[in-house]
Amino acid sequence: MSSKRFSIFTYGCQMNRYDTETITGHLEQEGYERSEDFERSDLILLNTCSIRDKAEQKVFSQLGRLSRLKKVNPALKIAVCGCFATREGEGIAKRQPAVDLIFGTQNISELPRLLGRMAKGRVVDVAPVEPDFTEVAPIQREGALSAWVSIARGCDNFCTFCVVPYTRGPEWSKPSALIVAEVEKAVAEGFKEVTLLGQNVNSYGRKTPGELSFGGLLRRLDRLEGLRRVRFMTSHPKDCDEDMVGAMSGGSKVCEHLHLPFQSGSDEVLRRMDRGYTAEEYLSKVGLFRQRVPGGVLTSDVIVGFPGETDRDFEETLGVLHQARFDSIFMFKYSPRPGTPAFSMKDQVPEEAQAERFEKALRLQRQVTEELHLALVGQVLEVMVEKPMEGAPAPACLGCPAASERRPAAPVGFTGRTRGNHRVQFLASGPAPRPGDLVDVRILRGGLHALGGVWPPDSAAMEESAP
Ligand code: 5AD
Ligand code: SF4
């Protein structure tokens, strides 16, 4: 009997992409096979996001296109899940009759039962169920080197601009024993790196008596045999403390990269965002990180044009960019989210002012990024090899056990990441490195989006042709 096929479209953040892996795991257990050919699928899912952009328009225009497929294949089922589905449940069902199943971010584990109910008619069920922390949930991971492992669900912070606490519910920490089991399983499957995911990873365990702290969890994972690197995101400045920064400085596997969103440099804006810190307090966390993790890489998120943000507030944001010297940032124009406190705040900043501030902050950040990347030239950095560079000739048997004995005639290009999460393109001479290998690369170029270098680090002959 041939299995049923499903396709899934994923919008938004890493957490959504992780949810897609979990949904895929459940569907495969139910006998479905994933397909990229959505026009021939029996089930099409849209895993939606509503954190910033115009989710509503995107989802409804995609649903319009998909509903036409039903005319050709009346047996096709269409499902909508994710953040937007959690918020708009019945609203989506009313507007789009072609949708057969709507489920939320907090009842993915119910999917097998929901599929059974869908066979009898349309199902809209976004009611949260408590996470089942008794066993490792099924998951079908994408990629082969780096695995995402969620360590917590939800968020208790209620920053006034953000929908996440409404769409993903309260914070639940997954028991550390289960996290360790999940990471061990990923390592046994061949993964070399894990990225711990949560909306606020560094408040991990605080609500659970007897549970490890986030620093404790990092130290526990640092001891795991076979695992090469541990990353995590996202951290909240108010929960960034000596314990976690100490675990970053003391570990051999915990990578020296901290993503610490600051959102604004103005105390008044931070207060109205309800972020729980001042600019000075934020910068003191940066100081702690710089002192305890020398050479560590710091990245951040910033929002421009929050309601009531004045030119002076914005100048203070630029001030933090100057002082913190982030390696890179994700910058967003404030996007009003219905139902959040900021939505109804007065003095919404007009689009032109937002755009102007965005450009100004971007110019400054580009300059800082370029300076920091240029300063890496000459250094030797540990790179985890990902794959041959696109367009570069791949050694014939890359990945086979004999690969290390082969010496390719000409240098070949590879991509990989440093411990600080810099993307690196490098030329390799001698035995070809394999995906997952850790190699020492000498940095010769410091571009905005990727560094360029050579391996082995003393292969000076190739310097002129380094990417
Ligand atoms: N408008 C703009 N940016 C937002 N973010 C979250 N909500 C909003 C919003 N309403 C940004 C924050 C957060 C990142 C994940 O998305 O910077 O850190
Ligand atoms: Fe949203 Fe704030 Fe929670 Fe981050 S910490 S998910 S910005 S509410």
# chains A, B, ... in the order shown; residues from 1 in each chain; ligands from 1
$ residues_near_ligand --ligand "ligand 1" --cutoff "6 Å" --atoms "only C-alpha atoms and all ligand atoms" --output "ChimeraX atom specification"
/A:51-52,161-162,261,263,301-303,332-337
$ residues_around --residues "A:Leu283" --least-positions-apart "5" --cutoff "12 Å" --atoms "only C-alpha atoms" --output "PyMOL selection string"
chain A and resi 237-238+240+260-262+264-265+277-278+288-290+298+317+319-326
$ atom_distance --atom1 "atom CA of A:Ala147" --atom2 "atom CA of A:Gln29"
19.6 Å
$ select_by_dssp --residues "stretch 333-459 of chain A" --states "strand (DSSP E)" --output "ChimeraX atom specification"
/A:333,380-388,412-418,423-428,438-446,451-455
$ residues_near_ligand --ligand "ligand 2" --cutoff "6 Å" --atoms "only C-alpha atoms and all ligand atoms" --output "PyMOL selection string"
chain A and resi 155+157-159+162+164-165+199-200
$ write_last_selection --atoms "C-alpha atoms" --output "PDB file, in the first residue's frame"
ATOM      1  CA  CYS A 155       6.866  32.743  27.550  1.00  0.00           C
ATOM      2  CA  ASN A 157       7.301  37.915  29.929  1.00  0.00           C
ATOM      3  CA  PHE A 158       4.499  39.737  28.113  1.00  0.00           C
ATOM      4  CA  CYS A 159       6.666  42.400  26.491  1.00  0.00           C
ATOM      5  CA  CYS A 162       4.767  40.756  21.478  1.00  0.00           C
ATOM      6  CA  VAL A 164       4.196  35.110  21.768  1.00  0.00           C
ATOM      7  CA  PRO A 165       2.780  34.798  25.317  1.00  0.00           C
ATOM      8  CA  GLN A 199      11.637  32.053  23.801  1.00  0.00           C
ATOM      9  CA  ASN A 200      13.612  32.751  26.952  1.00  0.00           C
TER      10      ASN A 200
END
